[in-house]
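Colleague: Once you've had a glance at the structure underneath, I'll fire off some questions.
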Amino acid sequence: MGAGLRAAVLVSPAAGRGRAPAVAAAVLAELRAGGVTPELLPATTRADAERQAAAAVSGGVDAVVAVGGDGAAHAGLQAVAGTPTPLAVVPAGTGNDLALALGVPGDPAAAARAVAEDLAAGTATTIDAGRTGERWWATVLCCGFDSAVTDRANRLRWPRGPRRYDVAILAELARLRPRELTLVLDGEATTLPVTLVAVGNTAWYGGGMRVCPGADPTDGRFDVTVVGPVSRRELVRTRPRLAAGTHVEHPAVTVHRAARVELAEVPGGSGLTTYADGERVAPLPAVTDCVPGALRVVGAGRRPAGGAAA
Ligand SMILES: Nc1ncnc2c1ncn2[C@@H]1O[C@H](COP(=O)(O)OP(=O)(O)OP(=O)(O)O)[C@@H](O)[C@H]1O
């Protein structure tokens, strides 16, 4: 049954500060041992990765395996979403929120074994995916404080690594103020001051923060967490509660469900953009749809979503 199985493998060169390339050989070996022929794609940029993965899907591979963090998965997703070809994520990045939500083993070799097992057995899990303009995403789309931090961190030349985020957070905290957004949820519009909006297909973003704790990627809808105006002090004090998802009990936080989410700044806004899977997705105004069952995944369901590695 497993004869002739082929998987295109994307390795995110910088993921996990070099962890993805370091585990790639073990991942390829596990795939081969499980009867799957890996085809390593030589992409060195995100655009190459997307193009090469799309060509591999057209060429009839049985799966696209993304080795890296959520950015690697995001690149693979562009090629497979809306097609029957499944995506596999092998967690080796700084942020592995999709792997966490899907219950993928935390160890890259074990994750690759699970992929080969599912491909050989012909089993896959189907989940929803978000679509904003032409971009697909799988985890959480965010707009507001968090997207401004990521935007700023990406513009900083110094310091390098995760410290960039610390500097960007301090800079954005210093200029923290609510932004007037028009939020349209399944056609119902409200204009309100917000600190951030998180549109969740799955629960986690930012490397293990459970921002949309009730999000279920099989229910055909997003969970939308809206954080209203909060002071700097409250934001700093409430952020640690994101890990457990208890921030939703804060009086400034509301949670909504919708299949279509439209976000726009009121005129004179500050040029906000949206990020999803840790990647820049689209500037405002942005319309996002939950596309039911758009993504098939293999190697998932080996532990509870968000659970500790088995
Ligand atoms: N195959 C690839 N080739 C080149 N670049 C890629 C590839 N896959 C992903 N990238 C890009 O590399 C960056 C980092 O990758 P990824 O998100 O997988 O790792 P990470 O460790 O979680 O990264 P970060 O900590 O920077 O978020 C992303 O911006 C992504 O777009």
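In the structure tokens, chains take letters A, B, ... by order of appearance, with residues numbered from 1 within each chain and ligands from 1 in the order shown.
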Using only C-alpha atoms and all ligand atoms, what table do you get, as JSON lines, when you list each residue of chain A with an atom no more than 9 Å from ligand 1, its nearest pair of atoms, and their distance in Å rounded to one decimal, rows by chain then rising number?
Modeller:
```
{"residue": "A:Val9", "atom": "CA", "partner": "ligand 1", "partner_atom_place_in_ligand_line": "1 (N)", "distance": 8.5}
{"residue": "A:Leu10", "atom": "CA", "partner": "ligand 1", "partner_atom_place_in_ligand_line": "1 (N)", "distance": 4.8}
{"residue": "A:Val11", "atom": "CA", "partner": "ligand 1", "partner_atom_place_in_ligand_line": "1 (N)", "distance": 4.7}
{"residue": "A:Ser12", "atom": "CA", "partner": "ligand 1", "partner_atom_place_in_ligand_line": "8 (N)", "distance": 3.7}
{"residue": "A:Pro13", "atom": "CA", "partner": "ligand 1", "partner_atom_place_in_ligand_line": "4 (C)", "distance": 5.8}
{"residue": "A:Ala14", "atom": "CA", "partner": "ligand 1", "partner_atom_place_in_ligand_line": "14 (C)", "distance": 5.4}
{"residue": "A:Ala15", "atom": "CA", "partner": "ligand 1", "partner_atom_place_in_ligand_line": "21 (O)", "distance": 3.2}
{"residue": "A:Gly16", "atom": "CA", "partner": "ligand 1", "partner_atom_place_in_ligand_line": "21 (O)", "distance": 3.6}
{"residue": "A:Arg17", "atom": "CA", "partner": "ligand 1", "partner_atom_place_in_ligand_line": "21 (O)", "distance": 6.1}
{"residue": "A:Gly18", "atom": "CA", "partner": "ligand 1", "partner_atom_place_in_ligand_line": "21 (O)", "distance": 7.9}
{"residue": "A:Arg19", "atom": "CA", "partner": "ligand 1", "partner_atom_place_in_ligand_line": "21 (O)", "distance": 7.9}
{"residue": "A:Ala20", "atom": "CA", "partner": "ligand 1", "partner_atom_place_in_ligand_line": "18 (O)", "distance": 8.0}
{"residue": "A:Leu41", "atom": "CA", "partner": "ligand 1", "partner_atom_place_in_ligand_line": "1 (N)", "distance": 7.6}
{"residue": "A:Pro42", "atom": "CA", "partner": "ligand 1", "partner_atom_place_in_ligand_line": "1 (N)", "distance": 7.6}
{"residue": "A:Ala43", "atom": "CA", "partner": "ligand 1", "partner_atom_place_in_ligand_line": "3 (N)", "distance": 4.8}
{"residue": "A:Thr44", "atom": "CA", "partner": "ligand 1", "partner_atom_place_in_ligand_line": "4 (C)", "distance": 4.1}
{"residue": "A:Thr45", "atom": "CA", "partner": "ligand 1", "partner_atom_place_in_ligand_line": "4 (C)", "distance": 3.5}
{"residue": "A:Arg46", "atom": "CA", "partner": "ligand 1", "partner_atom_place_in_ligand_line": "5 (N)", "distance": 4.0}
{"residue": "A:Ala47", "atom": "CA", "partner": "ligand 1", "partner_atom_place_in_ligand_line": "4 (C)", "distance": 7.5}
{"residue": "A:Asp48", "atom": "CA", "partner": "ligand 1", "partner_atom_place_in_ligand_line": "3 (N)", "distance": 6.8}
{"residue": "A:Ala49", "atom": "CA", "partner": "ligand 1", "partner_atom_place_in_ligand_line": "1 (N)", "distance": 4.7}
{"residue": "A:Glu50", "atom": "CA", "partner": "ligand 1", "partner_atom_place_in_ligand_line": "1 (N)", "distance": 7.9}
{"residue": "A:Ala66", "atom": "CA", "partner": "ligand 1", "partner_atom_place_in_ligand_line": "8 (N)", "distance": 7.5}
{"residue": "A:Val67", "atom": "CA", "partner": "ligand 1", "partner_atom_place_in_ligand_line": "18 (O)", "distance": 7.2}
{"residue": "A:Gly68", "atom": "CA", "partner": "ligand 1", "partner_atom_place_in_ligand_line": "18 (O)", "distance": 4.1}
{"residue": "A:Gly69", "atom": "CA", "partner": "ligand 1", "partner_atom_place_in_ligand_line": "18 (O)", "distance": 3.4}
{"residue": "A:Asp70", "atom": "CA", "partner": "ligand 1", "partner_atom_place_in_ligand_line": "17 (O)", "distance": 4.6}
{"residue": "A:Gly71", "atom": "CA", "partner": "ligand 1", "partner_atom_place_in_ligand_line": "17 (O)", "distance": 3.1}
{"residue": "A:Ala72", "atom": "CA", "partner": "ligand 1", "partner_atom_place_in_ligand_line": "8 (N)", "distance": 3.7}
{"residue": "A:Ala73", "atom": "CA", "partner": "ligand 1", "partner_atom_place_in_ligand_line": "18 (O)", "distance": 6.7}
{"residue": "A:His74", "atom": "CA", "partner": "ligand 1", "partner_atom_place_in_ligand_line": "31 (O)", "distance": 7.3}
{"residue": "A:Ala75", "atom": "CA", "partner": "ligand 1", "partner_atom_place_in_ligand_line": "8 (N)", "distance": 5.8}
{"residue": "A:Gly76", "atom": "CA", "partner": "ligand 1", "partner_atom_place_in_ligand_line": "8 (N)", "distance": 7.9}
{"residue": "A:Pro91", "atom": "CA", "partner": "ligand 1", "partner_atom_place_in_ligand_line": "18 (O)", "distance": 8.6}
{"residue": "A:Ala92", "atom": "CA", "partner": "ligand 1", "partner_atom_place_in_ligand_line": "21 (O)", "distance": 6.9}
{"residue": "A:Gly93", "atom": "CA", "partner": "ligand 1", "partner_atom_place_in_ligand_line": "21 (O)", "distance": 3.4}
{"residue": "A:Thr94", "atom": "CA", "partner": "ligand 1", "partner_atom_place_in_ligand_line": "21 (O)", "distance": 3.7}
{"residue": "A:Gly95", "atom": "CA", "partner": "ligand 1", "partner_atom_place_in_ligand_line": "22 (O)", "distance": 4.2}
{"residue": "A:Asn96", "atom": "CA", "partner": "ligand 1", "partner_atom_place_in_ligand_line": "22 (O)", "distance": 6.3}
{"residue": "A:Asp97", "atom": "CA", "partner": "ligand 1", "partner_atom_place_in_ligand_line": "22 (O)", "distance": 8.9}
{"residue": "A:Gly161", "atom": "CA", "partner": "ligand 1", "partner_atom_place_in_ligand_line": "25 (O)", "distance": 7.6}
{"residue": "A:Pro162", "atom": "CA", "partner": "ligand 1", "partner_atom_place_in_ligand_line": "25 (O)", "distance": 7.2}
{"residue": "A:Gly206", "atom": "CA", "partner": "ligand 1", "partner_atom_place_in_ligand_line": "27 (O)", "distance": 8.3}
{"residue": "A:Gly207", "atom": "CA", "partner": "ligand 1", "partner_atom_place_in_ligand_line": "22 (O)", "distance": 8.0}
{"residue": "A:Asp277", "atom": "CA", "partner": "ligand 1", "partner_atom_place_in_ligand_line": "17 (O)", "distance": 7.7}
{"residue": "A:Gly278", "atom": "CA", "partner": "ligand 1", "partner_atom_place_in_ligand_line": "27 (O)", "distance": 5.9}
{"residue": "A:Glu279", "atom": "CA", "partner": "ligand 1", "partner_atom_place_in_ligand_line": "29 (O)", "distance": 6.1}
{"residue": "A:Arg280", "atom": "CA", "partner": "ligand 1", "partner_atom_place_in_ligand_line": "29 (O)", "distance": 8.7}
```
Colleague: Mind dumping the selected residues with C-alpha atoms as a compact mmCIF listing (two decimals), in the first residue's frame?
Modeller:
```txt
# COMPACT_ATOMS: atom_id res chain seq x y z
CA VAL A 9 10.04 18.45 2.01
CA LEU A 10 10.50 22.15 2.76
CA VAL A 11 13.16 23.06 5.30
CA SER A 12 12.99 26.59 6.68
CA PRO A 13 16.70 27.56 6.73
CA ALA A 14 16.53 29.98 9.66
CA ALA A 15 13.85 28.29 11.75
CA GLY A 16 14.65 27.73 15.40
CA ARG A 17 18.01 29.48 14.83
CA GLY A 18 19.18 26.67 12.59
CA ARG A 19 17.32 23.79 14.26
CA ALA A 20 15.32 22.92 11.12
CA LEU A 41 13.01 21.26 -2.14
CA PRO A 42 16.03 23.58 -2.45
CA ALA A 43 14.13 26.79 -1.58
CA THR A 44 16.10 29.55 0.10
CA THR A 45 13.38 32.20 0.22
CA ARG A 46 9.76 32.05 1.26
CA ALA A 47 8.61 32.87 -2.30
CA ASP A 48 10.75 30.02 -3.70
CA ALA A 49 9.37 27.70 -1.06
CA GLU A 50 5.79 28.50 -2.06
CA ALA A 66 7.22 21.59 6.32
CA VAL A 67 10.22 21.33 8.64
CA GLY A 68 10.51 24.49 10.74
CA GLY A 69 8.21 26.83 12.59
CA ASP A 70 4.85 28.33 11.71
CA GLY A 71 6.48 30.26 8.84
CA ALA A 72 7.52 26.99 7.21
CA ALA A 73 4.01 25.60 7.63
CA HIS A 74 2.58 28.83 6.21
CA ALA A 75 4.71 28.45 3.06
CA GLY A 76 3.60 24.83 2.56
CA PRO A 91 8.16 21.26 14.54
CA ALA A 92 11.66 22.76 14.54
CA GLY A 93 11.03 26.48 14.85
CA THR A 94 10.78 29.14 17.52
CA GLY A 95 7.00 29.20 17.19
CA ASN A 96 5.38 25.81 16.50
CA ASP A 97 1.80 26.78 17.21
CA GLY A 161 17.06 37.07 17.42
CA PRO A 162 14.26 37.10 19.99
CA GLY A 206 3.31 33.69 19.29
CA GLY A 207 4.93 30.45 20.46
CA ASP A 277 1.21 32.20 11.34
CA GLY A 278 3.82 34.82 12.32
CA GLU A 279 3.92 36.12 8.72
CA ARG A 280 2.69 39.40 7.29
```
Colleague: Would you list the contacts of A:Ala7 as a list in words, taking every protein, DNA or RNA residue within 9 Å and counting only C-alpha atoms, but skipping same-chain residues closer than 2 positions in sequence?
Modeller: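 Surrounding residues, per the criterion: Leu5, Val9, Leu31, Val36, Thr37, Pro38, Glu39, Leu40, Ala56, Val61, Asp62, Ala63, Val64 and Val65 of chain A.
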Colleague: Just want the 12 Å neighbourhood of A:Val184, counted on only C-alpha atoms, with same-chain residues fewer than 3 positions away dropped. Output as a ChimeraX atom specification.
Modeller: /A:181,187-192,197,224,256-265,285-289
Colleague: Pull the strand (DSSP E or B) assignments for stretch 61-234 of chain A out of DSSP run on the backbone, and list those residues as a ChimeraX atom specification.
Modeller: /A:63-68,87-91,125-132,135-137,140-144,179-185,188-194,196-200,205,209,222-227
Colleague: Given the choices A:Arg179, A:Gly82, A:His250, A:Arg237, which gets closest to A:Gly268 if the distance is worked out from only C-alpha atoms?
Modeller: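 Selected residue with least distance to A:Gly268: A:Arg179.
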Colleague: Can you list, as an NGL selection string, every residue of stretch 11-180 of chain A that DSSP puts in helix (DSSP H, G or I)?
Modeller: :A and (15-17 or 19-33 or 46-58 or 70-80 or 97-102 or 108-121 or 145-155 or 163-174)
Colleague: What lies within 9 Å of A:Thr83 using only C-alpha atoms, ignoring chain neighbours under 5 positions off, as a list in words?
Modeller: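 Answer for this query is Val57, Ala294, Leu295 and Arg296 of chain A.
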Colleague: Deliver the residues from the most recent selection as a file, using N, CA and C atoms, as a PDB file, in the first residue's frame.
Modeller:
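selection33.pdb was written with the following content:
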```pdb
ATOM      1  N   VAL A  57       3.092  19.870  -5.753  1.00  0.00           N
ATOM      2  CA  VAL A  57       1.686  19.443  -5.624  1.00  0.00           C
ATOM      3  C   VAL A  57       1.118  19.161  -7.016  1.00  0.00           C
ATOM      4  N   ALA A 294     -10.622  23.087   4.377  1.00  0.00           N
ATOM      5  CA  ALA A 294      -9.715  23.423   3.261  1.00  0.00           C
ATOM      6  C   ALA A 294      -8.357  22.755   3.366  1.00  0.00           C
ATOM      7  N   LEU A 295      -8.042  22.222   4.536  1.00  0.00           N
ATOM      8  CA  LEU A 295      -6.688  21.699   4.743  1.00  0.00           C
ATOM      9  C   LEU A 295      -6.717  20.266   5.270  1.00  0.00           C
ATOM     10  N   ARG A 296      -5.979  19.380   4.570  1.00  0.00           N
ATOM     11  CA  ARG A 296      -5.800  18.024   5.092  1.00  0.00           C
ATOM     12  C   ARG A 296      -4.409  17.959   5.706  1.00  0.00           C
TER      13      ARG A 296
END
```
